[in-house]
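Single-structure report; data block below.
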Amino acid sequence: MLPTASPARTRAVVRALVRPHRGLAAAGFGTMVLATCVGLLTQPLLGHIVDVVTEKRSADALTGPVVALAAVAAVQGLMTAAGLSLLSRLGETVLARLREAFVERALALPLERVERAGSGDLSARVTRDVSRVAEAVRGALPELTRSGLSIVLTLGALALLDWRFLPAALVAVPVQAHTARWYVRNAVPLYARERVATGEQQQMLLDTIGGARTVRAYRLQDGRTRRVAESSRAAVELTMRGVGLVLRFYARLHIAEYAGLASVLVTGFLLVRSGAASVGTATAAALYFLGLFGPVNTALVLLDDAQSATAGLARLIGVVDEPAPPAAGPAATAQEASVTLSGVSHAYLPGHPVLHGVDLHVRPGERVALVGTTGAGKTTLAKLVAGLHRPVDGTVEVGGAAPEESGGTVGLVTQEVHVFAGPLADDLRLARPGASDAELREALAAVGALGWAEALPEGLETVVGNGGRSLTPDRAQQLALARLLLADPPVVVLDEATAEAGSSGARLLDEAAERALRGRTALVVAHRLSQAAAADRVVVLSDGRIVEEGTHEQLLAARGAYAALWDAWSGSRTADPGHRT
């Protein structure tokens, strides 16, 4: 799993995020203090009304306190709304910065780190954890602030009425404090375990659904269903333990409320009987304590949301704290864009290498095709050059620097192309944010896609991707190649980037790839050997090793591994009467 930040580190990051907005925090907090102080005038005014009635004064004596009550309600309402608005703005601003930092670091994580943790863990953090923190920022944070201020200032107001009311009210505090400590002690690890279980459950579901064809082909349905059920059961059991914890939490709070209220009422009775306080003062004290029920319960109940959000926050910060990738240097020029692999070995699992001591040099402007049977190591080598993986042994240099430090020197187009949701023009501008409409059309025309793009209902402003117009695989590949032209990297890695088209669209995509690669250093994982024939050099891999390299003609003449692959591929094309060359 990806790491989870410690409580101390979580607090430090939150402080760092809030620090640039100290003025906004002070304004929000100060406004809430004033609003709470104004609201605390309600109980003495009601107590005064009780004294007026018990002393049988004239009805005119009630006019002043009633008008004051209305004014208090209006002022408190306006100030509370203003304070909550300021605190919400603070929370949303900090949350937005945290979300941006999380996404930025998540996108920069090395691919092998994500694969080792599983996409389900990262998915759970992006969705559920972000949602929990957002809900806490929008609901729990303002309410918790208001409740905390109400508790502190109400206790102070009780002491101002008569200091003896304060210790009477504090009878409830030991029970409440013990309840809070008990809850936090049990809730924090429980919610953390629930988050981990949820991540494992999502990973299991993603693996099962994503590999549904393989599961059915090997008749693994029962085993996968059992494992999904076990992971779901573990997550549900932890959730139900959380529900039981909350129920016991509420039961303990009720005991504290009854004990404190009884103590305040007895104290008021004794003070009134001795003449030390009026009935109105005792009434105000009882109302103050009753007024504490809401804030205290809200504060303690929000501990549930706070602990849940804290667990999610720690998981987000755990990703934010992942080591940053090395700073990228300037992109290499076309004249410097060489690719060099020296003694490169790689393994996804320890003890199971997929590349063994590969040495390869690609000159600037040279196009090299990687050829081999499935599992030969072609895609792994391509990913190493693109910087998606780092070799276990040896070095990879692109333009004289490691791929991850090459500053946009390498562009990668794979067989699995993602079409981003939104207008087609925005999808293209991901590669060059400042590109003009004319530049977008030029890139589309270069890959043979301008015709169908302009024929869309709204042209380049047509919404594509999820929730919009779906694109066929060959059009999605053309879109990816157009993005490549806009990004204009001097080195390009094509990992079977035209393999999805099928025979009907293969020629068009090959022509589009040809135009996209023109003038660039290129490493092409060849799905069809016609791509290898067009390359400057062909490198044949087998079992993670280079077994042959040379031009297409040289390797055919050598009658080795490449010639065997070529004969088999040519024979399959001849045997297919419906295939058009």
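Lettering and numbering for the structure tokens are positional, with chains as A, B, ... in the shown order, residues counted from 1 in each chain, and ligands counted from 1 in the shown order.
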Closest-contact table, region 270-359 of chain A side, partner region 4-20 of chain A, 7 Å, counting only C-alpha atoms, as a tab-separated table:
```
residue	atom	partner	partner_atom	distance
A:Ala314	CA	A:Ala5	CA	4.8
A:Arg315	CA	A:Thr4	CA	4.5
A:Ile317	CA	A:Ala5	CA	5.8
A:Gly318	CA	A:Thr4	CA	4.3
```
Residues just named, written with all heavy atoms as a tab-separated table (two decimals), in the first residue's frame:
```
chain	number	residue	atom	x	y	z
A	314	ALA	N	-4.60	11.77	6.53
A	314	ALA	CA	-3.27	11.16	6.67
A	314	ALA	C	-2.91	10.34	5.45
A	314	ALA	O	-1.75	10.30	5.03
A	314	ALA	CB	-3.25	10.27	7.92
A	315	ARG	N	-3.90	9.69	4.83
A	315	ARG	CA	-3.62	8.91	3.62
A	315	ARG	C	-3.30	9.82	2.44
A	315	ARG	O	-2.46	9.49	1.60
A	315	ARG	CB	-4.81	8.00	3.31
A	315	ARG	CG	-4.87	6.78	4.19
A	315	ARG	CD	-6.23	6.11	4.20
A	315	ARG	NE	-6.74	5.79	2.89
A	315	ARG	CZ	-6.43	4.69	2.19
A	315	ARG	NH1	-5.56	3.82	2.70
A	315	ARG	NH2	-6.97	4.46	1.01
A	317	ILE	N	-1.95	12.88	2.69
A	317	ILE	CA	-0.64	13.47	2.96
A	317	ILE	C	0.46	12.43	2.77
A	317	ILE	O	1.59	12.76	2.37
A	317	ILE	CB	-0.61	14.09	4.37
A	317	ILE	CG1	-1.56	15.29	4.41
A	317	ILE	CG2	0.80	14.50	4.77
A	317	ILE	CD1	-1.75	15.89	5.79
A	318	GLY	N	0.13	11.16	3.02
A	318	GLY	CA	1.11	10.11	2.77
A	318	GLY	C	1.56	10.08	1.32
A	318	GLY	O	2.74	9.86	1.03
```
Determine, counting only C-alpha atoms, which protein, DNA and RNA residues have an atom within 6 Å of an atom of Gly550 (chain A); residues of the same chain fewer than 2 positions away are not included. Present the result as an NGL selection string. :A and (537-538 or 554)
Output file for the residues above (N, CA, C and O atoms, as a PDB file, in the first residue's frame):
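Just written: again.pdb:
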```pdb
ATOM      1  N   ARG A 537      16.696   0.582 -38.528  1.00  0.00           N
ATOM      2  CA  ARG A 537      17.355  -0.582 -37.938  1.00  0.00           C
ATOM      3  C   ARG A 537      16.324  -1.413 -37.195  1.00  0.00           C
ATOM      4  O   ARG A 537      15.363  -0.875 -36.626  1.00  0.00           O
ATOM      5  N   VAL A 538      16.504  -2.707 -37.175  1.00  0.00           N
ATOM      6  CA  VAL A 538      15.609  -3.631 -36.489  1.00  0.00           C
ATOM      7  C   VAL A 538      16.389  -4.314 -35.371  1.00  0.00           C
ATOM      8  O   VAL A 538      17.508  -4.808 -35.603  1.00  0.00           O
ATOM      9  N   GLN A 554      19.363  -6.861 -44.174  1.00  0.00           N
ATOM     10  CA  GLN A 554      20.454  -7.643 -43.593  1.00  0.00           C
ATOM     11  C   GLN A 554      19.932  -8.823 -42.788  1.00  0.00           C
ATOM     12  O   GLN A 554      20.465  -9.938 -42.871  1.00  0.00           O
TER      13      GLN A 554
END
```
Find the residues around region 143-159 of chain A up to 10 Å (only C-alpha atoms counted), leave out those fewer than 2 positions away in its own chain, and share them as a count of residues only. 54
Could you list, as JSON, numbers by chain, every residue within 9 Å of Ala533 (chain A), counting only C-alpha atoms and ignoring same-chain residues fewer than 6 positions away? {"A": [369, 551, 552, 553]}
Contact residues around Val175 (chain A) with only C-alpha atoms at 12 Å, ignoring same-chain residues under 2 positions, as a PDB file with N, CA, C and O atoms, in the first residue's frame:
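Printed below is out21.pdb as written:
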```pdb
ATOM      1  N   ALA A 169     -21.512  22.676  36.945  1.00  0.00           N
ATOM      2  CA  ALA A 169     -21.598  22.274  35.531  1.00  0.00           C
ATOM      3  C   ALA A 169     -20.450  21.350  35.149  1.00  0.00           C
ATOM      4  O   ALA A 169     -20.614  20.456  34.299  1.00  0.00           O
ATOM      5  N   LEU A 170     -19.279  21.560  35.790  1.00  0.00           N
ATOM      6  CA  LEU A 170     -18.107  20.761  35.428  1.00  0.00           C
ATOM      7  C   LEU A 170     -18.176  19.324  35.930  1.00  0.00           C
ATOM      8  O   LEU A 170     -17.279  18.522  35.623  1.00  0.00           O
ATOM      9  N   VAL A 171     -19.249  18.992  36.680  1.00  0.00           N
ATOM     10  CA  VAL A 171     -19.427  17.599  37.094  1.00  0.00           C
ATOM     11  C   VAL A 171     -19.500  16.675  35.878  1.00  0.00           C
ATOM     12  O   VAL A 171     -19.056  15.523  35.912  1.00  0.00           O
ATOM     13  N   ALA A 172     -20.046  17.208  34.762  1.00  0.00           N
ATOM     14  CA  ALA A 172     -20.195  16.390  33.555  1.00  0.00           C
ATOM     15  C   ALA A 172     -18.878  16.197  32.812  1.00  0.00           C
ATOM     16  O   ALA A 172     -18.742  15.251  32.012  1.00  0.00           O
ATOM     17  N   VAL A 173     -17.904  17.074  33.073  1.00  0.00           N
ATOM     18  CA  VAL A 173     -16.684  17.067  32.263  1.00  0.00           C
ATOM     19  C   VAL A 173     -15.874  15.775  32.386  1.00  0.00           C
ATOM     20  O   VAL A 173     -15.403  15.236  31.371  1.00  0.00           O
ATOM     21  N   ALA A 177     -14.915  13.855  29.154  1.00  0.00           N
ATOM     22  CA  ALA A 177     -13.507  13.748  28.777  1.00  0.00           C
ATOM     23  C   ALA A 177     -13.090  12.283  28.641  1.00  0.00           C
ATOM     24  O   ALA A 177     -12.383  11.904  27.693  1.00  0.00           O
ATOM     25  N   HIS A 178     -13.519  11.473  29.607  1.00  0.00           N
ATOM     26  CA  HIS A 178     -13.200  10.048  29.530  1.00  0.00           C
ATOM     27  C   HIS A 178     -13.821   9.426  28.286  1.00  0.00           C
ATOM     28  O   HIS A 178     -13.195   8.606  27.596  1.00  0.00           O
ATOM     29  N   THR A 179     -15.054   9.841  27.975  1.00  0.00           N
ATOM     30  CA  THR A 179     -15.735   9.316  26.786  1.00  0.00           C
ATOM     31  C   THR A 179     -14.989   9.712  25.520  1.00  0.00           C
ATOM     32  O   THR A 179     -14.805   8.892  24.608  1.00  0.00           O
ATOM     33  N   ALA A 180     -14.557  10.980  25.469  1.00  0.00           N
ATOM     34  CA  ALA A 180     -13.840  11.448  24.278  1.00  0.00           C
ATOM     35  C   ALA A 180     -12.520  10.708  24.107  1.00  0.00           C
ATOM     36  O   ALA A 180     -12.168  10.282  22.997  1.00  0.00           O
ATOM     37  N   ARG A 181     -11.759  10.552  25.208  1.00  0.00           N
ATOM     38  CA  ARG A 181     -10.480   9.842  25.120  1.00  0.00           C
ATOM     39  C   ARG A 181     -10.694   8.386  24.713  1.00  0.00           C
ATOM     40  O   ARG A 181      -9.956   7.850  23.881  1.00  0.00           O
ATOM     41  N   TRP A 182     -11.688   7.760  25.304  1.00  0.00           N
ATOM     42  CA  TRP A 182     -11.997   6.367  24.949  1.00  0.00           C
ATOM     43  C   TRP A 182     -12.358   6.243  23.470  1.00  0.00           C
ATOM     44  O   TRP A 182     -11.897   5.332  22.792  1.00  0.00           O
ATOM     45  N   PHE A 249     -20.695   5.330  22.402  1.00  0.00           N
ATOM     46  CA  PHE A 249     -20.267   6.716  22.611  1.00  0.00           C
ATOM     47  C   PHE A 249     -21.456   7.595  23.038  1.00  0.00           C
ATOM     48  O   PHE A 249     -21.380   8.350  24.010  1.00  0.00           O
ATOM     49  N   TYR A 250     -22.586   7.485  22.335  1.00  0.00           N
ATOM     50  CA  TYR A 250     -23.767   8.274  22.670  1.00  0.00           C
ATOM     51  C   TYR A 250     -24.314   7.910  24.055  1.00  0.00           C
ATOM     52  O   TYR A 250     -24.755   8.781  24.815  1.00  0.00           O
ATOM     53  N   ALA A 251     -24.313   6.636  24.379  1.00  0.00           N
ATOM     54  CA  ALA A 251     -24.843   6.213  25.679  1.00  0.00           C
ATOM     55  C   ALA A 251     -24.066   6.858  26.819  1.00  0.00           C
ATOM     56  O   ALA A 251     -24.651   7.301  27.822  1.00  0.00           O
ATOM     57  N   ARG A 252     -22.772   6.944  26.697  1.00  0.00           N
ATOM     58  CA  ARG A 252     -21.954   7.567  27.741  1.00  0.00           C
ATOM     59  C   ARG A 252     -22.206   9.076  27.823  1.00  0.00           C
ATOM     60  O   ARG A 252     -22.141   9.663  28.910  1.00  0.00           O
ATOM     61  N   LEU A 253     -22.472   9.713  26.696  1.00  0.00           N
ATOM     62  CA  LEU A 253     -22.746  11.152  26.712  1.00  0.00           C
ATOM     63  C   LEU A 253     -24.018  11.470  27.484  1.00  0.00           C
ATOM     64  O   LEU A 253     -24.095  12.483  28.196  1.00  0.00           O
ATOM     65  N   HIS A 254     -25.043  10.634  27.341  1.00  0.00           N
ATOM     66  CA  HIS A 254     -26.302  10.885  28.054  1.00  0.00           C
ATOM     67  C   HIS A 254     -26.096  10.850  29.565  1.00  0.00           C
ATOM     68  O   HIS A 254     -26.698  11.643  30.307  1.00  0.00           O
ATOM     69  N   ILE A 255     -25.251   9.964  30.042  1.00  0.00           N
ATOM     70  CA  ILE A 255     -24.960   9.904  31.481  1.00  0.00           C
ATOM     71  C   ILE A 255     -24.354  11.224  31.945  1.00  0.00           C
ATOM     72  O   ILE A 255     -24.723  11.765  32.998  1.00  0.00           O
ATOM     73  N   ALA A 256     -23.429  11.767  31.173  1.00  0.00           N
ATOM     74  CA  ALA A 256     -22.787  13.040  31.526  1.00  0.00           C
ATOM     75  C   ALA A 256     -23.810  14.170  31.563  1.00  0.00           C
ATOM     76  O   ALA A 256     -23.776  15.031  32.472  1.00  0.00           O
ATOM     77  N   GLU A 257     -24.721  14.221  30.605  1.00  0.00           N
ATOM     78  CA  GLU A 257     -25.721  15.287  30.554  1.00  0.00           C
ATOM     79  C   GLU A 257     -26.620  15.271  31.793  1.00  0.00           C
ATOM     80  O   GLU A 257     -26.869  16.317  32.421  1.00  0.00           O
ATOM     81  N   TYR A 258     -27.112  14.093  32.154  1.00  0.00           N
ATOM     82  CA  TYR A 258     -28.016  14.009  33.303  1.00  0.00           C
ATOM     83  C   TYR A 258     -27.307  14.381  34.601  1.00  0.00           C
ATOM     84  O   TYR A 258     -27.870  15.082  35.461  1.00  0.00           O
ATOM     85  N   ALA A 259     -26.066  13.945  34.749  1.00  0.00           N
ATOM     86  CA  ALA A 259     -25.318  14.266  35.971  1.00  0.00           C
ATOM     87  C   ALA A 259     -25.064  15.764  36.075  1.00  0.00           C
ATOM     88  O   ALA A 259     -25.244  16.371  37.153  1.00  0.00           O
ATOM     89  N   GLY A 260     -24.666  16.398  34.997  1.00  0.00           N
ATOM     90  CA  GLY A 260     -24.385  17.834  35.040  1.00  0.00           C
ATOM     91  C   GLY A 260     -25.629  18.667  35.276  1.00  0.00           C
ATOM     92  O   GLY A 260     -25.609  19.625  36.068  1.00  0.00           O
TER      93      GLY A 260
END
```
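Residues surrounding region 238-242 of chain A within 12 Å are Tyr183, Val184, Asn186, Ala187, Val188, Pro189, Leu190, Tyr191, Ala192, Arg193, Glu194, Arg195, Val196, Ala197, Thr198, Ser231, Ser232, Arg233, Leu247, Arg248, Phe249, Asp304, Asp305, Gln307 and Ser308 of chain A [only C-alpha atoms; sequence separation below 5 positions excluded].
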Please list as a PyMOL selection string every residue within 9 Å of Thr54 (chain A), counting only C-alpha atoms and excluding residues in the same chain fewer than 3 positions away. chain A and resi 49-51+57+279-280
Kindly export the residues of the current selection with N, CA and C atoms, as a CSV table (one decimal), in the first residue's frame.
```csv
chain,number,residue,atom,x,y,z
A,49,ILE,N,-36.5,38.2,32.5
A,49,ILE,CA,-38.0,38.1,32.3
A,49,ILE,C,-38.6,37.3,33.4
A,50,VAL,N,-37.9,36.2,33.8
A,50,VAL,CA,-38.4,35.3,34.9
A,50,VAL,C,-38.5,36.2,36.2
A,51,ASP,N,-37.5,37.0,36.5
A,51,ASP,CA,-37.5,37.8,37.7
A,51,ASP,C,-38.7,38.9,37.6
A,57,ARG,N,-44.0,42.6,38.4
A,57,ARG,CA,-43.9,43.9,37.9
A,57,ARG,C,-44.9,44.2,36.8
A,279,VAL,N,-34.4,33.7,41.4
A,279,VAL,CA,-34.9,32.7,40.5
A,279,VAL,C,-34.5,32.9,39.1
A,280,GLY,N,-34.5,34.1,38.7
A,280,GLY,CA,-34.0,34.4,37.3
A,280,GLY,C,-32.6,34.0,37.0
```
Considering only C-alpha atoms, can you say which of A:Thr127, A:Thr214, A:Ser263, A:Thr379 comes closest to Gly199 (chain A)? A:Thr127
So, counting only C-alpha atoms, which residue among A:Pro142, A:Gly23, A:Gly210, A:Gly47 is closest to Ala82 (chain A)? A:Pro142
Residues of region 259-506 of chain A classed as alpha helix (DSSP H) by DSSP on the backbone are to be reported as an MDAnalysis selection string. chainID A and resid 259:274 279:320 378:386 424:429 437:446 450:454 473:487 503:506
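Nearest residue to Thr283 (chain A), choosing from A:Leu261, A:Ser570, A:Leu46, A:Leu529 and counting only C-alpha atoms: A:Leu46.
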